[in-house]
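Next comes entry-v2.txt, a file with compact mmCIF, C-alpha atoms and all ligand atoms.
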```txt
# COMPACT_ATOMS: atom_id res chain seq x y z
CA MET R 4 131.14 71.43 140.66
CA LEU R 5 127.44 71.61 139.94
CA SER R 6 124.89 71.00 142.66
CA LYS R 7 122.44 68.19 141.96
CA THR R 8 119.64 70.77 141.72
CA ILE R 9 121.48 72.78 139.07
CA GLU R 10 122.59 69.68 137.22
CA SER R 11 119.05 68.39 136.90
CA ALA R 12 117.69 71.83 135.94
CA LEU R 13 120.35 72.13 133.21
CA ASN R 14 119.58 68.61 132.02
CA LYS R 15 115.93 69.55 131.74
CA GLN R 16 116.96 72.48 129.53
CA ILE R 17 119.14 70.17 127.41
CA ARG R 18 116.03 68.14 126.70
CA ILE R 19 113.99 71.26 125.88
CA GLU R 20 116.62 72.48 123.39
CA ALA R 21 116.76 69.01 121.80
CA GLU R 22 112.97 68.97 121.53
CA SER R 23 113.06 72.49 120.05
CA SER R 24 115.41 71.22 117.35
CA GLN R 25 112.88 68.48 116.50
CA VAL R 26 109.95 70.94 116.59
CA TYR R 27 111.65 73.10 113.94
CA LEU R 28 112.84 70.13 111.92
CA ALA R 29 109.20 69.01 111.62
CA MET R 30 108.24 72.54 110.53
CA ALA R 31 111.06 72.55 107.95
CA VAL R 32 109.81 69.26 106.51
CA TRP R 33 106.20 70.45 106.39
CA ALA R 34 107.16 73.69 104.63
CA GLU R 35 109.35 71.74 102.19
CA ILE R 36 106.60 69.36 101.13
CA LYS R 37 104.28 72.37 100.72
CA GLY R 38 106.84 73.78 98.27
CA LEU R 39 107.96 76.81 100.27
CA GLU R 40 111.70 76.45 100.11
CA GLY R 41 112.62 79.74 101.81
CA ILE R 42 110.50 79.05 104.87
CA SER R 43 111.76 75.48 104.91
CA ASN R 44 115.42 76.57 104.85
CA PHE R 45 114.73 79.07 107.60
CA MET R 46 113.30 76.27 109.75
CA TYR R 47 116.19 73.90 108.98
CA ASP R 48 118.55 76.67 110.17
CA GLN R 49 116.47 77.17 113.31
CA SER R 50 116.63 73.45 113.97
CA ASP R 51 120.44 73.51 113.66
CA GLU R 52 120.62 76.49 116.02
CA GLU R 53 118.61 74.66 118.67
CA ARG R 54 121.01 71.75 118.42
CA GLU R 55 123.85 74.24 119.04
CA HIS R 56 121.99 75.56 122.09
CA MET R 57 121.70 72.00 123.35
CA LEU R 58 125.38 71.21 122.73
CA LYS R 59 126.52 74.36 124.53
CA LEU R 60 124.61 73.16 127.60
CA VAL R 61 125.93 69.60 127.25
CA LYS R 62 129.54 70.85 127.23
CA PHE R 63 128.92 73.18 130.16
CA VAL R 64 127.39 70.43 132.33
CA ASN R 65 130.23 68.02 131.56
CA GLU R 66 132.97 70.63 132.04
CA ARG R 67 131.63 71.45 135.47
CA GLY R 68 131.74 67.88 136.68
CA GLY R 69 128.16 66.93 135.88
CA HIS R 70 126.80 64.31 133.51
CA ALA R 71 124.79 65.67 130.58
CA GLN R 72 121.75 63.51 129.94
CA VAL R 73 120.80 62.48 126.43
CA SER R 74 117.19 61.56 126.88
CA GLU R 75 114.08 60.42 125.09
CA LEU R 76 112.24 63.28 123.38
CA ASN R 77 108.58 64.12 122.95
CA ALA R 78 107.45 63.88 119.33
CA PRO R 79 106.76 67.27 117.73
CA ASN R 80 103.69 68.37 115.74
CA VAL R 81 104.29 67.28 112.18
CA SER R 82 101.49 69.05 110.35
CA PHE R 83 99.77 72.42 110.50
CA ASP R 84 96.53 73.98 109.29
CA SER R 85 98.35 76.90 107.72
CA PHE R 86 101.64 78.80 107.71
CA LYS R 87 100.05 81.28 110.05
CA GLN R 88 99.33 78.50 112.54
CA MET R 89 102.86 77.15 112.15
CA PHE R 90 104.40 80.56 112.94
CA GLU R 91 102.02 81.00 115.88
CA LYS R 92 103.35 77.71 117.23
CA LEU R 93 106.91 78.93 116.70
CA LEU R 94 106.28 82.05 118.81
CA GLU R 95 104.43 80.04 121.47
CA HIS R 96 107.33 77.64 121.64
CA GLU R 97 109.93 80.40 121.99
CA ILE R 98 107.91 82.00 124.80
CA PHE R 99 107.81 78.62 126.54
CA VAL R 100 111.61 78.31 126.17
CA SER R 101 112.15 81.84 127.52
CA GLU R 102 110.10 80.98 130.60
CA SER R 103 112.16 77.88 131.11
CA ILE R 104 115.41 79.88 130.84
CA ASN R 105 114.07 82.44 133.32
CA GLU R 106 113.28 79.68 135.78
CA LEU R 107 116.78 78.30 135.33
CA VAL R 108 118.29 81.74 136.04
CA HIS R 109 116.15 81.91 139.16
CA ILE R 110 117.38 78.51 140.36
CA SER R 111 121.02 79.48 139.71
CA LEU R 112 120.60 82.51 142.00
CA GLN R 113 118.86 80.45 144.66
CA GLU R 114 121.76 77.98 144.55
CA LYS R 115 124.27 80.86 144.54
CA ASP R 116 125.83 79.31 141.42
CA TYR R 117 127.21 82.46 139.80
CA ALA R 118 129.17 80.61 137.12
CA THR R 119 125.94 79.03 135.86
CA HIS R 120 124.15 82.35 136.24
CA ASN R 121 126.80 84.00 134.08
CA PHE R 122 126.68 81.18 131.51
CA LEU R 123 122.89 81.54 131.25
CA GLN R 124 123.06 85.22 130.28
CA TRP R 125 123.84 84.16 126.71
CA TYR R 126 120.54 82.25 126.65
CA VAL R 127 118.63 85.18 128.11
CA ALA R 128 119.87 87.42 125.27
CA GLU R 129 119.30 84.72 122.67
CA GLN R 130 115.67 84.30 123.74
CA ILE R 131 115.01 88.04 123.38
CA GLU R 132 116.28 87.79 119.82
CA GLU R 133 114.37 84.62 118.98
CA GLU R 134 111.08 85.93 120.33
CA ALA R 135 111.56 89.19 118.40
CA THR R 136 112.20 87.28 115.17
CA ALA R 137 109.12 85.10 115.72
CA ARG R 138 106.96 88.18 116.39
CA THR R 139 108.27 89.98 113.30
CA ILE R 140 107.48 86.96 111.12
CA LEU R 141 104.01 86.61 112.58
CA ASP R 142 103.28 90.31 111.95
CA LYS R 143 104.24 89.82 108.31
CA ILE R 144 102.19 86.63 107.97
CA ASN R 145 99.18 88.42 109.46
CA MET R 146 99.58 91.19 106.89
CA ILE R 147 99.75 88.66 104.06
CA GLY R 148 96.63 86.83 105.22
CA ASP R 149 95.41 84.35 102.58
CA ASP R 150 97.17 86.07 99.71
CA LYS R 151 99.15 83.40 97.82
CA GLY R 152 101.29 85.98 96.02
CA GLY R 153 102.23 87.54 99.34
CA LEU R 154 103.26 84.18 100.73
CA TYR R 155 105.36 83.55 97.61
CA LEU R 156 107.22 86.83 98.14
CA PHE R 157 107.58 86.20 101.85
CA ASP R 158 109.08 82.79 101.10
CA ARG R 159 111.67 84.52 98.94
CA ASP R 160 112.48 87.19 101.56
CA ILE R 161 112.49 85.24 104.82
CA GLN R 162 116.20 84.38 104.56
CA GLN R 163 117.06 88.08 104.76
CA LEU R 164 114.97 88.45 107.87
CA THR R 165 117.10 88.74 110.95
CA VAL R 166 116.22 90.69 114.02
CA VAL R 167 119.26 91.75 115.95
CA SER R 168 118.52 92.56 119.53
CA SER R 169 120.58 95.25 121.19
CA ALA R 170 120.65 93.03 124.27
CA ALA R 171 122.33 90.16 122.47
CA PRO R 172 126.10 90.00 122.79
CA ASP R 173 127.98 89.09 119.62
CA THR R 174 129.23 85.63 120.48
CA GLY R 175 129.71 84.49 116.92
CA VAL R 176 127.39 81.51 117.51
FE FE R 201 117.11 77.41 122.00
FE FE R 202 114.84 79.01 120.00
```
So, in terms of C-alpha cells, how does the structure I just supplied come out?
Amino acid sequence: MLSKTIESALNKQIRIEAESSQVYLAMAVWAEIKGLEGISNFMYDQSDEEREHMLKLVKFVNERGGHAQVSELNAPNVSFDSFKQMFEKLLEHEIFVSESINELVHISLQEKDYATHNFLQWYVAEQIEEEATARTILDKINMIGDDKGGLYLFDRDIQQLTVVSSAAPDTGV
C-alpha cells in the first residue's frame, strides 16, 4: 500500500511524463511542417516513449492500491526560433525531469518505501540515457551551425542515433 505522500509524488510524476509526451509531440509537429522528416520521426518516437513512462507509473500506482490521476496538462511550446533552440529545450526538459525523478527517489527513502525506490531505479537509468542522447544531439547541432546541408544530413542520420548508457538495464521497453 502506498502512503499518501508517495501516491501524490508519483501522481505528480505521472503528470510530468504526460506533459513530456505533449512537449515532444509539439516538437514533432513543428519539425514536420518545417520539412525535416527524420527529426520529426525522432520526436514522435520520443513522445510515444514518454507516454510509456507515464503508463508504467499509472500501472504501478494502481497495482499498489493507489489511484493514478489523469489530470489536466500544461500546454507545451508549439514553435521554436531554430532547431538548435528546439534541441536546447529538449535537453533542458530532460534535466528538469531528472531532477524530478531524483526528488521522487529521495521521498521514497524518507518514506522507507523500498518497493517504490526499487521501481524508480528504472527511471534513474532512463534519465541518464535520455540526457546523454539530448547532449549528443545538441553537440552535433552546434557543429552544424547554420549550414543547411549539414542539417539535411543530420535529419537523415538522427534515426540511427542512440546513446546506450552503461547504467541502463535492458528492460526491453
Ligand atoms: Fe520520461
Ligand atoms: Fe524523457
Mind listing the residues within 6 Å of ligand FE 201 (chain R), only C-alpha atoms and all ligand atoms counted, as a tab-separated table (two decimals) with C-alpha atoms, in the coordinates of the input?
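Printed below is selection_9.tsv as written:
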```tsv
chain	number	residue	atom	x	y	z
R	20	GLU	CA	116.62	72.48	123.39
R	53	GLU	CA	118.61	74.66	118.67
R	56	HIS	CA	121.99	75.56	122.09
```
Hey, which residues come within 12 Å of ligand FE 202 (chain R) if we count all atoms listed in the file? Could you give them as a PyMOL selection string?
chain R and resi 16+19-27+46+48-57+92-104+126-137
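From atom CA of Glu106 of chain R back to atom CA of Gln72 of chain R, the distance works out to 19.2 Å.
Residues in contact range of Met4 of chain R, defined as at most 9 Å between only C-alpha atoms, with sequence neighbours fewer than 6 positions away removed, read Glu66, Arg67, Gly68 and Gly69 of chain R.
One distance worth recording is that between atom CA of Ile144 of chain R and atom CA of Gln88 of chain R, which is 9.8 Å.
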Centre, x/y/z edge lengths, axis-aligned box for segment 43-50 of chain R with 4 Å per side, as JSON:
```
{"center_x": 115.2, "center_y": 76.3, "center_z": 109.4, "size_x": 14.8, "size_y": 13.6, "size_z": 17.1}
```
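Closest approach to Thr119 of chain R from the set R:Met89, R:Leu28, R:Val64, R:Leu39 is made by R:Val64, with distances taken over all atoms listed in the file.
Distance-wise, atom CA of Val81 of chain R and atom CA of Trp33 of chain R end up 6.9 Å apart.
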Around the point (123.1, 66.8, 131.1) in the file's coordinates, collect all residues with an atom within 10 Å, using all atoms listed in the file, and return them as a ChimeraX atom specification.
/R:10-18,57-58,60-65,69-74
Since fewer atoms than expected are present, regenerate N, CA and C atoms for segment 29-63 of chain R and write them as a compact mmCIF listing (two decimals), in the coordinates of the input.
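Wrote it out as result_10.txt, contents follow:
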```txt
# COMPACT_ATOMS: atom_id res chain seq x y z
N ALA R 29 110.52 69.41 112.14
CA ALA R 29 109.20 69.01 111.62
C ALA R 29 108.57 70.15 110.82
N MET R 30 108.77 71.39 111.26
CA MET R 30 108.24 72.54 110.53
C MET R 30 108.96 72.69 109.18
N ALA R 31 110.27 72.46 109.19
CA ALA R 31 111.06 72.55 107.95
C ALA R 31 110.55 71.54 106.93
N VAL R 32 110.30 70.33 107.40
CA VAL R 32 109.81 69.26 106.51
C VAL R 32 108.43 69.62 105.95
N TRP R 33 107.57 70.09 106.82
CA TRP R 33 106.20 70.45 106.39
C TRP R 33 106.24 71.56 105.33
N ALA R 34 107.06 72.59 105.59
CA ALA R 34 107.16 73.69 104.63
C ALA R 34 107.76 73.19 103.31
N GLU R 35 108.70 72.27 103.40
CA GLU R 35 109.35 71.74 102.19
C GLU R 35 108.35 70.98 101.33
N ILE R 36 107.54 70.12 101.96
CA ILE R 36 106.60 69.36 101.13
C ILE R 36 105.48 70.25 100.59
N LYS R 37 105.27 71.41 101.24
CA LYS R 37 104.28 72.37 100.72
C LYS R 37 104.90 73.26 99.64
N GLY R 38 106.19 73.07 99.37
CA GLY R 38 106.84 73.78 98.27
C GLY R 38 107.38 75.17 98.61
N LEU R 39 107.43 75.49 99.90
CA LEU R 39 107.96 76.81 100.27
C LEU R 39 109.39 76.66 100.80
N GLU R 40 110.29 76.76 99.86
CA GLU R 40 111.70 76.45 100.11
C GLU R 40 112.36 77.43 101.07
N GLY R 41 112.02 78.73 100.94
CA GLY R 41 112.62 79.74 101.81
C GLY R 41 112.26 79.51 103.26
N ILE R 42 110.97 79.30 103.50
CA ILE R 42 110.50 79.05 104.87
C ILE R 42 111.12 77.75 105.39
N SER R 43 111.17 76.76 104.52
CA SER R 43 111.76 75.48 104.91
C SER R 43 113.23 75.65 105.32
N ASN R 44 114.00 76.35 104.52
CA ASN R 44 115.42 76.57 104.85
C ASN R 44 115.57 77.33 106.15
N PHE R 45 114.72 78.32 106.35
CA PHE R 45 114.73 79.07 107.60
C PHE R 45 114.54 78.13 108.79
N MET R 46 113.59 77.22 108.67
CA MET R 46 113.30 76.27 109.75
C MET R 46 114.43 75.25 109.94
N TYR R 47 115.04 74.80 108.83
CA TYR R 47 116.19 73.90 108.98
C TYR R 47 117.31 74.61 109.75
N ASP R 48 117.53 75.89 109.45
CA ASP R 48 118.55 76.67 110.17
C ASP R 48 118.19 76.81 111.65
N GLN R 49 116.92 77.07 111.91
CA GLN R 49 116.47 77.17 113.31
C GLN R 49 116.73 75.86 114.04
N SER R 50 116.42 74.77 113.37
CA SER R 50 116.63 73.45 113.97
C SER R 50 118.10 73.24 114.32
N ASP R 51 119.00 73.62 113.39
CA ASP R 51 120.44 73.51 113.66
C ASP R 51 120.85 74.38 114.86
N GLU R 52 120.29 75.58 114.91
CA GLU R 52 120.62 76.49 116.02
C GLU R 52 120.23 75.90 117.37
N GLU R 53 119.06 75.27 117.40
CA GLU R 53 118.61 74.66 118.67
C GLU R 53 119.54 73.53 119.09
N ARG R 54 120.03 72.81 118.09
CA ARG R 54 121.01 71.75 118.42
C ARG R 54 122.28 72.37 119.03
N GLU R 55 122.69 73.53 118.48
CA GLU R 55 123.85 74.24 119.04
C GLU R 55 123.57 74.67 120.49
N HIS R 56 122.36 75.17 120.72
CA HIS R 56 121.99 75.56 122.09
C HIS R 56 122.11 74.36 123.03
N MET R 57 121.64 73.21 122.53
CA MET R 57 121.70 72.00 123.35
C MET R 57 123.15 71.61 123.63
N LEU R 58 123.99 71.64 122.57
CA LEU R 58 125.38 71.21 122.73
C LEU R 58 126.16 72.10 123.70
N LYS R 59 125.87 73.40 123.63
CA LYS R 59 126.52 74.36 124.53
C LYS R 59 126.24 73.98 126.01
N LEU R 60 125.00 73.59 126.25
CA LEU R 60 124.61 73.16 127.60
C LEU R 60 125.28 71.83 127.98
N VAL R 61 125.31 70.92 127.02
CA VAL R 61 125.93 69.60 127.25
C VAL R 61 127.38 69.79 127.69
N LYS R 62 128.13 70.62 126.93
CA LYS R 62 129.54 70.85 127.23
C LYS R 62 129.70 71.51 128.61
N PHE R 63 128.82 72.47 128.89
CA PHE R 63 128.92 73.18 130.16
C PHE R 63 128.72 72.22 131.34
```
